[in-house]
>>> print(open('final04.cif').read())   # mmCIF, C-alpha atoms and all ligand atoms
data_entry
#
loop_
_atom_site.label_atom_id
_atom_site.label_comp_id
_atom_site.auth_asym_id
_atom_site.auth_seq_id
_atom_site.Cartn_x
_atom_site.Cartn_y
_atom_site.Cartn_z
CA MET D 1413 -26.33 20.80 -14.04
CA ARG D 1414 -23.30 22.71 -15.17
CA SER D 1415 -23.10 25.14 -18.02
CA GLU D 1416 -20.69 27.62 -19.46
CA LYS D 1417 -20.81 30.53 -21.86
CA GLN D 1418 -19.22 29.63 -25.17
CA ARG D 1419 -18.46 31.63 -28.27
CA LEU D 1420 -20.11 30.03 -31.30
CA THR D 1421 -19.95 30.96 -34.96
CA CYS D 1422 -23.15 30.95 -36.98
CA SER D 1423 -23.00 28.51 -39.85
CA SER D 1424 -25.40 30.67 -41.85
CA CYS D 1425 -24.33 34.34 -41.47
CA GLY D 1426 -20.81 33.69 -40.15
CA LYS D 1427 -21.19 36.04 -37.16
CA GLU D 1428 -20.13 35.04 -33.66
CA PHE D 1429 -22.40 34.90 -30.67
CA PHE D 1430 -22.27 33.73 -27.07
CA ALA D 1431 -24.50 30.93 -25.89
CA ARG D 1432 -25.00 29.05 -22.65
CA VAL D 1433 -23.86 25.50 -23.30
CA ILE D 1434 -24.85 22.75 -20.87
CA THR D 1435 -21.78 20.65 -20.09
CA GLN D 1436 -22.96 18.36 -17.30
CA VAL D 1437 -26.27 16.72 -16.40
CA ASP D 1438 -26.45 14.72 -13.17
CA PHE D 1439 -29.66 12.70 -12.83
CA SER D 1440 -29.19 12.32 -9.08
CA LEU D 1441 -30.37 15.96 -8.89
CA SER D 1442 -34.11 16.48 -9.21
CA GLU D 1443 -33.73 19.69 -11.23
CA ASP D 1444 -31.50 17.86 -13.74
CA ARG D 1445 -34.15 15.20 -14.29
CA GLU D 1446 -36.34 17.94 -15.78
CA ILE D 1447 -33.81 18.41 -18.58
CA ASN D 1448 -34.62 16.55 -21.77
CA VAL D 1449 -31.31 15.06 -22.81
CA THR D 1450 -32.52 12.65 -25.44
CA ASP D 1451 -34.23 14.96 -27.94
CA GLY D 1452 -30.96 16.61 -29.02
CA GLY D 1453 -32.15 20.05 -27.93
CA LEU D 1454 -29.07 20.64 -25.76
CA PHE D 1455 -27.03 20.78 -28.96
CA SER D 1456 -29.35 23.16 -30.77
CA PHE D 1457 -28.73 26.93 -30.82
CA ARG D 1458 -30.33 29.92 -32.48
CA CYS D 1459 -28.19 32.67 -33.96
CA PRO D 1460 -29.28 36.05 -32.46
CA HIS D 1461 -28.13 37.85 -35.63
CA CYS D 1462 -30.00 35.99 -38.34
CA GLY D 1463 -32.32 33.69 -36.38
CA THR D 1464 -31.01 30.49 -37.94
CA GLU D 1465 -31.20 27.43 -35.72
CA MET D 1466 -28.17 25.17 -35.88
CA ARG D 1467 -26.50 22.31 -34.10
CA PHE D 1468 -23.10 22.30 -32.44
CA ASN D 1469 -21.32 19.22 -31.22
CA HIS D 1470 -19.92 19.99 -27.77
CA TYR D 1471 -18.68 18.35 -24.59
CA LEU D 1472 -21.48 17.01 -22.41
CA LEU D 1473 -21.20 14.64 -19.46
CA TRP D 1474 -24.32 12.74 -18.40
CA VAL D 1475 -24.46 10.76 -15.15
CA ASN D 1476 -27.38 8.54 -14.26
CA GLN D 1477 -29.44 8.73 -11.11
CA SER D 1478 -27.70 5.94 -9.22
CA HIS D 1479 -24.26 7.19 -10.26
CA THR D 1480 -23.38 3.87 -11.87
CA VAL D 1481 -22.93 5.07 -15.45
CA ALA D 1482 -21.33 8.15 -16.94
CA VAL D 1483 -21.58 8.91 -20.64
CA CYS D 1484 -19.51 11.69 -22.10
CA ASN D 1485 -19.75 13.27 -25.52
CA VAL D 1486 -16.24 14.40 -26.34
CA THR D 1487 -15.02 16.36 -29.33
CA GLY D 1488 -11.29 16.36 -28.43
CA GLU D 1489 -8.61 14.68 -26.30
CA GLU D 1490 -8.46 17.46 -23.70
CA GLU D 1491 -12.11 16.84 -22.85
CA LEU D 1492 -11.29 13.37 -21.58
CA ARG D 1493 -9.33 15.10 -18.82
CA ALA D 1494 -12.29 17.36 -18.12
CA MET D 1495 -14.41 14.24 -17.73
CA ASP D 1496 -11.89 12.72 -15.29
CA GLU D 1497 -11.95 15.85 -13.18
CA ALA D 1498 -15.72 16.09 -13.23
CA LEU D 1499 -16.10 12.45 -12.18
CA SER D 1500 -13.52 12.79 -9.39
CA ALA D 1501 -15.47 15.77 -8.10
CA LEU D 1502 -18.67 13.70 -8.17
CA SER D 1503 -17.06 10.71 -6.46
CA ALA D 1504 -15.96 12.99 -3.63
CA PHE D 1505 -19.67 13.13 -2.76
CA GLY D 1506 -20.37 9.43 -2.74
CA LYS D 1507 -20.18 6.01 -4.22
CA SER D 1508 -19.33 6.88 -7.80
CA SER D 1509 -15.67 5.83 -7.93
CA ASP D 1510 -16.49 2.63 -9.84
CA MET D 1511 -18.88 4.26 -12.28
CA ALA D 1512 -18.93 2.66 -15.72
CA ARG D 1513 -17.73 5.12 -18.34
CA ARG D 1514 -18.55 5.49 -21.98
CA TYR D 1515 -17.14 7.93 -24.47
CA VAL D 1516 -19.13 8.89 -27.53
CA ASN D 1517 -18.41 11.47 -30.19
CA SER D 1518 -21.77 12.76 -31.37
CA PRO D 1519 -25.01 14.04 -29.84
CA ALA D 1520 -26.90 11.19 -31.50
CA ARG D 1521 -24.65 8.61 -29.83
CA LEU D 1522 -24.94 10.34 -26.47
CA CYS D 1523 -28.74 10.30 -26.68
CA GLU D 1524 -28.66 6.67 -27.72
CA LYS D 1525 -26.49 5.61 -24.76
CA ILE D 1526 -28.74 7.51 -22.37
CA GLU D 1527 -31.79 5.68 -23.75
CA ILE D 1528 -30.00 2.33 -23.40
CA PHE D 1529 -28.83 2.89 -19.83
CA SER D 1530 -32.11 4.48 -18.77
CA ALA D 1531 -33.85 1.29 -19.90
CA GLY D 1532 -31.46 -0.74 -17.74
CA LEU D 1533 -29.88 -2.43 -20.76
CA ASP D 1534 -26.28 -3.31 -21.49
CA ASP D 1535 -25.04 -1.34 -24.48
CA ARG D 1536 -22.79 -4.25 -25.47
CA THR D 1537 -25.86 -6.40 -26.11
CA VAL D 1538 -27.43 -3.56 -28.09
CA GLU D 1539 -24.38 -3.27 -30.37
CA ILE D 1540 -24.36 -7.00 -31.04
CA VAL D 1541 -28.10 -7.10 -31.77
CA LYS D 1542 -27.53 -4.21 -34.19
CA LEU D 1543 -25.00 -6.27 -36.15
CA TYR D 1544 -27.52 -9.10 -36.55
CA LEU D 1545 -30.24 -6.67 -37.58
CA VAL D 1546 -27.95 -5.05 -40.13
CA GLN D 1547 -27.51 -8.44 -41.79
CA GLN D 1548 -31.27 -8.97 -41.85
CA VAL D 1549 -31.99 -5.51 -43.25
CA ARG D 1550 -29.28 -5.92 -45.89
CA ALA D 1551 -30.84 -9.22 -46.96
CA SER D 1552 -34.38 -7.86 -47.15
CA HIS D 1553 -33.46 -4.45 -48.64
CA PRO D 1554 -30.43 -5.20 -50.84
CA LYS D 1555 -30.61 -1.85 -52.64
CA LYS D 1556 -30.56 0.29 -49.47
CA THR D 1557 -27.44 2.02 -48.28
CA LEU D 1558 -27.18 1.88 -44.48
CA THR D 1559 -25.17 4.70 -42.95
CA ASP D 1560 -25.85 4.14 -39.25
CA VAL D 1561 -28.10 2.38 -36.75
CA LEU D 1562 -29.44 3.98 -33.59
CA PHE D 1563 -31.28 2.37 -30.69
CA PHE D 1564 -34.32 4.10 -29.23
CA LEU D 1565 -37.15 3.27 -26.85
CA ASN D 1566 -40.23 2.57 -28.94
CA GLY D 1567 -43.08 2.24 -26.45
CA GLU D 1568 -42.92 -1.26 -24.98
CA GLU D 1569 -40.44 -2.37 -27.62
CA TYR D 1570 -36.89 -1.53 -28.51
CA GLY D 1571 -36.54 0.36 -31.75
CA PHE D 1572 -33.61 0.38 -34.11
CA LEU D 1573 -33.49 3.26 -36.55
CA PHE D 1574 -31.55 2.50 -39.73
CA LEU D 1575 -30.35 5.73 -41.25
CA CYS D 1576 -30.41 5.49 -45.03
CA PRO D 1577 -29.92 8.35 -47.51
CA ASP D 1578 -32.94 7.16 -49.49
CA GLY D 1579 -35.30 6.86 -46.51
CA ASP D 1580 -34.82 5.59 -42.97
CA LEU D 1581 -36.10 2.23 -41.75
CA THR D 1582 -37.23 1.22 -38.28
CA VAL D 1583 -37.00 -2.29 -36.89
CA SER D 1584 -38.66 -3.13 -33.57
CA VAL D 1585 -37.54 -5.90 -31.24
CA SER D 1586 -39.72 -7.08 -28.36
CA GLN D 1587 -38.27 -7.01 -24.87
CA SER D 1588 -38.47 -10.80 -24.63
CA THR D 1589 -36.61 -11.33 -27.92
CA PHE D 1590 -33.99 -8.88 -26.77
CA ALA D 1591 -33.65 -10.66 -23.42
CA GLU D 1592 -33.18 -14.00 -25.23
CA ALA D 1593 -30.40 -12.48 -27.29
CA ALA D 1594 -28.82 -10.92 -24.23
CA ALA D 1595 -28.78 -14.26 -22.40
CA GLN D 1596 -26.50 -15.72 -25.07
CA PHE D 1597 -23.60 -13.44 -24.26
CA GLN D 1598 -21.31 -13.07 -21.32
CA PHE D 1599 -19.12 -10.05 -21.25
CA PRO D 1600 -15.86 -9.68 -19.37
CA ASP D 1601 -15.68 -6.84 -16.86
CA PRO D 1602 -14.80 -4.07 -16.91
CA ALA D 1603 -16.48 -3.01 -20.13
CA PRO D 1604 -14.41 -0.94 -22.53
CA GLN D 1605 -15.02 2.79 -22.54
CA VAL D 1606 -15.96 2.81 -26.19
CA VAL D 1607 -18.72 0.36 -27.11
CA ASP D 1608 -19.73 0.66 -30.75
CA ALA D 1609 -20.15 -1.43 -33.90
CA HIS D 1610 -16.39 -1.89 -34.13
CA TRP D 1611 -16.28 -3.25 -30.58
CA ALA D 1612 -19.17 -5.65 -31.34
CA MET D 1613 -17.43 -6.98 -34.45
CA GLU D 1614 -14.21 -7.55 -32.51
CA PHE D 1615 -16.12 -9.30 -29.74
CA LEU D 1616 -17.94 -11.64 -32.12
CA THR D 1617 -14.86 -12.49 -34.16
CA GLY D 1618 -12.53 -12.73 -31.16
CA GLY D 1619 -10.42 -9.94 -32.65
CA LYS D 1620 -9.97 -11.87 -35.92
CA LYS D 1621 -10.87 -10.08 -39.11
ZN ZN G 1701 -26.48 33.88 -38.05
#
>>> encode(input="final04.cif", output="structure tokens")
Amino acid sequence: MRSEKQRLTCSSCGKEFFARVITQVDFSLSEDREINVTDGGLFSFRCPHCGTEMRFNHYLLWVNQSHTVAVCNVTGEEELRAMDEALSALSAFGKSSDMARRYVNSPARLCEKIEIFSAGLDDRTVEIVKLYLVQQVRASHPKKTLTDVLFFLNGEEYGFLFLCPDGDLTVSVSQSTFAEAAAQFQFPDPAPQVVDAHWAMEFLTGGKK
């Protein structure tokens, strides 16, 4: 685990404070496996002046146990270079030079990718399944406004949380249904470094709008 002291500004009282921000979690290290990376707590901070708890989006690189996948939450271009350097340092210790990389730009997306890769799934399949589910949810709830969809592990099933301003919806998909869907697609390697709804749409339409 790597962390650094960062100066943050409280969104409530406006005062500045220093906080320890975790910037790298490497699941090949036993102490890092104790860190809960999927509850969003690494992005949550309490202001020492007024006690308000708030969230900050910050750089965080997560690497899985077998060093095959790296997911990085980036908030700016310069952090992509930081990720390169961090991964080169890791590959100096072993077999990580061909690690798959994913960039995301929010804590929620980072947590989602970690859930997907921890379950041994391909995030490309997940994004395509999401598009199909969006169509289904739109058909069955025509009055709902869908702002986003997030994958999560829901016991033995795969959950899809539809974020809606007027109340979220959850759709569950069994592992066998998901596997059937996954079997329909073949993806070219290497995977792109950004896999999201836009990527899935381009993949399904062959780049045609
Ligand atoms: Zn404050």
>>> residues_near_ligand(input="final04.cif", ligand="ligand ZN 1701 (chain G)", cutoff="9 Å", atoms="all atoms listed in the file", output="list in words")
Thr1421, Cys1422, Ser1423, Ser1424, Cys1425, Gly1426, Lys1427, Glu1428, Phe1429, Arg1458, Cys1459, Pro1460, His1461, Cys1462, Gly1463, Thr1464 and Glu1465 of chain D
>>> residues_around(input="final04.cif", residues="D:Pro1602", least_positions_apart="3", cutoff="12 Å", atoms="all atoms listed in the file", output="MDAnalysis selection string")
chainID D and resid 1510:1514 1536 1598:1599 1605:1607
>>> axis_aligned_box(input="final04.cif", around="stretch 1508-1518 of chain D", padding_each_side="6 Å", output="lines of an AutoDock Vina configuration file")
center_x = -18.7
center_y = 7.7
center_z = -19.6
size_x = 18.1
size_y = 22.1
size_z = 35.6
>>> residues_around(input="final04.cif", residues="stretch 1567-1581 of chain D", least_positions_apart="5", cutoff="9 Å", atoms="all atoms listed in the file", output="PyMOL selection string")
chain D and resi 1542+1545-1546+1549+1556-1562+1586-1587+1590
>>> closest_residue(input="final04.cif", among="D:Pro1519, D:Asp1438, D:Ser1478, D:Ala1504", to="D:Phe1455", atoms="all atoms listed in the file")
D:Pro1519
>>> atom_distance(input="final04.cif", atom1="atom CA of D:Trp1474", atom2="atom CA of D:Tyr1515")
10.6 Å
>>> residues_around(input="final04.cif", residues="D:Ala1431", least_positions_apart="6", cutoff="8 Å", atoms="all atoms listed in the file", output="count of residues only")
5
>>> residues_around(input="final04.cif", residues="stretch 1445-1448 of chain D", least_positions_apart="6", cutoff="12 Å", atoms="only C-alpha atoms", output="list in words")
Met1413, Arg1414, Ile1434, Gln1436, Val1437, Asp1438, Phe1439, Leu1454, Phe1455, Trp1474, Val1475, Asn1476, Gln1477, Cys1523, Ile1526, Glu1527 and Ser1530 of chain D
>>> residues_near_point(input="final04.cif", point="(-27.2, 11.9, -28.0)", cutoff="9 Å", atoms="only C-alpha atoms", output="MDAnalysis selection string")
chainID D and resid 1449:1452 1455 1485 1516 1518:1527
>>> atom_distance(input="final04.cif", atom1="atom CA of D:Leu1502", atom2="atom CA of D:His1470")
20.6 Å
>>> closest_residue(input="final04.cif", among="D:Cys1484, D:Leu1441, D:Ala1593, D:Leu1472", to="D:Tyr1544", atoms="all atoms listed in the file")
D:Ala1593
>>> atom_distance(input="final04.cif", atom1="atom CA of D:Asp1444", atom2="atom CA of D:Met1495")
17.9 Å
>>> closest_residue(input="final04.cif", among="D:Thr1589, D:Lys1555, D:Thr1582, D:Ala1494", to="D:Val1541", atoms="all atoms listed in the file")
D:Thr1589
>>> decode(input="final04.cif", residues="stretch 1505-1586 of chain D", atoms="C-alpha atoms", output="mmCIF file, in the first residue's frame")
data_model
loop_
_atom_site.group_PDB
_atom_site.id
_atom_site.type_symbol
_atom_site.label_atom_id
_atom_site.label_comp_id
_atom_site.auth_asym_id
_atom_site.auth_seq_id
_atom_site.Cartn_x
_atom_site.Cartn_y
_atom_site.Cartn_z
ATOM 1 C CA PHE D 1505 9.609 -7.336 -9.192
ATOM 2 C CA GLY D 1506 7.998 -9.916 -11.417
ATOM 3 C CA LYS D 1507 5.697 -10.939 -14.175
ATOM 4 C CA SER D 1508 3.517 -7.872 -14.412
ATOM 5 C CA SER D 1509 4.776 -6.353 -17.669
ATOM 6 C CA ASP D 1510 1.727 -7.574 -19.602
ATOM 7 C CA MET D 1511 -0.809 -6.543 -17.000
ATOM 8 C CA ALA D 1512 -4.173 -5.498 -18.420
ATOM 9 C CA ARG D 1513 -4.858 -1.855 -17.650
ATOM 10 C CA ARG D 1514 -8.059 0.022 -17.124
ATOM 11 C CA TYR D 1515 -8.553 3.705 -16.505
ATOM 12 C CA VAL D 1516 -11.625 4.935 -14.701
ATOM 13 C CA ASN D 1517 -12.543 8.405 -13.518
ATOM 14 C CA SER D 1518 -14.635 7.957 -10.405
ATOM 15 C CA PRO D 1519 -14.492 5.996 -7.144
ATOM 16 C CA ALA D 1520 -17.728 4.226 -8.085
ATOM 17 C CA ARG D 1521 -16.207 3.008 -11.362
ATOM 18 C CA LEU D 1522 -13.023 1.903 -9.618
ATOM 19 C CA CYS D 1523 -15.016 -0.136 -7.089
ATOM 20 C CA GLU D 1524 -17.084 -1.615 -9.886
ATOM 21 C CA LYS D 1525 -14.033 -2.736 -11.886
ATOM 22 C CA ILE D 1526 -12.512 -4.287 -8.774
ATOM 23 C CA GLU D 1527 -15.715 -6.270 -8.160
ATOM 24 C CA ILE D 1528 -15.743 -7.431 -11.792
ATOM 25 C CA PHE D 1529 -12.114 -8.529 -11.885
ATOM 26 C CA SER D 1530 -12.256 -10.057 -8.409
ATOM 27 C CA ALA D 1531 -15.110 -12.245 -9.656
ATOM 28 C CA GLY D 1532 -12.935 -13.356 -12.581
ATOM 29 C CA LEU D 1533 -15.217 -11.693 -15.137
ATOM 30 C CA ASP D 1534 -14.404 -9.759 -18.285
ATOM 31 C CA ASP D 1535 -15.538 -6.161 -17.926
ATOM 32 C CA ARG D 1536 -16.290 -6.031 -21.657
ATOM 33 C CA THR D 1537 -19.018 -8.639 -21.199
ATOM 34 C CA VAL D 1538 -20.365 -6.701 -18.227
ATOM 35 C CA GLU D 1539 -20.661 -3.491 -20.264
ATOM 36 C CA ILE D 1540 -22.496 -5.275 -23.067
ATOM 37 C CA VAL D 1541 -24.892 -7.009 -20.662
ATOM 38 C CA LYS D 1542 -25.570 -3.585 -19.140
ATOM 39 C CA LEU D 1543 -26.679 -2.225 -22.521
ATOM 40 C CA TYR D 1544 -29.182 -5.067 -22.915
ATOM 41 C CA LEU D 1545 -30.457 -4.573 -19.380
ATOM 42 C CA VAL D 1546 -30.864 -0.837 -19.958
ATOM 43 C CA GLN D 1547 -33.178 -1.617 -22.868
ATOM 44 C CA GLN D 1548 -35.198 -4.008 -20.715
ATOM 45 C CA VAL D 1549 -35.465 -1.564 -17.812
ATOM 46 C CA ARG D 1550 -36.448 1.261 -20.167
ATOM 47 C CA ALA D 1551 -39.206 -0.923 -21.612
ATOM 48 C CA SER D 1552 -40.569 -2.005 -18.240
ATOM 49 C CA HIS D 1553 -40.142 1.375 -16.490
ATOM 50 C CA PRO D 1554 -40.743 3.923 -19.271
ATOM 51 C CA LYS D 1555 -41.116 6.833 -16.848
ATOM 52 C CA LYS D 1556 -37.788 6.271 -15.059
ATOM 53 C CA THR D 1557 -34.734 8.345 -15.808
ATOM 54 C CA LEU D 1558 -31.590 6.191 -15.768
ATOM 55 C CA THR D 1559 -28.415 8.080 -14.946
ATOM 56 C CA ASP D 1560 -25.947 5.212 -14.591
ATOM 57 C CA VAL D 1561 -25.612 1.458 -14.144
ATOM 58 C CA LEU D 1562 -23.136 -0.199 -11.807
ATOM 59 C CA PHE D 1563 -22.227 -3.870 -11.501
ATOM 60 C CA PHE D 1564 -21.887 -5.420 -8.054
ATOM 61 C CA LEU D 1565 -21.599 -8.887 -6.546
ATOM 62 C CA ASN D 1566 -24.998 -9.806 -5.143
ATOM 63 C CA GLY D 1567 -24.457 -13.054 -3.257
ATOM 64 C CA GLU D 1568 -24.411 -15.875 -5.805
ATOM 65 C CA GLU D 1569 -25.752 -13.591 -8.510
ATOM 66 C CA TYR D 1570 -24.494 -10.587 -10.373
ATOM 67 C CA GLY D 1571 -26.290 -7.393 -9.495
ATOM 68 C CA PHE D 1572 -26.796 -4.350 -11.662
ATOM 69 C CA LEU D 1573 -27.701 -1.171 -9.834
ATOM 70 C CA PHE D 1574 -29.612 1.326 -11.963
ATOM 71 C CA LEU D 1575 -29.149 4.782 -10.543
ATOM 72 C CA CYS D 1576 -32.317 6.818 -10.987
ATOM 73 C CA PRO D 1577 -33.086 10.211 -9.432
ATOM 74 C CA ASP D 1578 -36.541 8.973 -8.427
ATOM 75 C CA GLY D 1579 -35.353 5.734 -6.804
ATOM 76 C CA ASP D 1580 -32.710 3.189 -7.758
ATOM 77 C CA LEU D 1581 -33.504 -0.206 -9.251
ATOM 78 C CA THR D 1582 -31.589 -3.465 -8.937
ATOM 79 C CA VAL D 1583 -31.584 -6.203 -11.546
ATOM 80 C CA SER D 1584 -29.975 -9.562 -10.762
ATOM 81 C CA VAL D 1585 -28.537 -11.915 -13.349
ATOM 82 C CA SER D 1586 -27.653 -15.511 -12.503
#
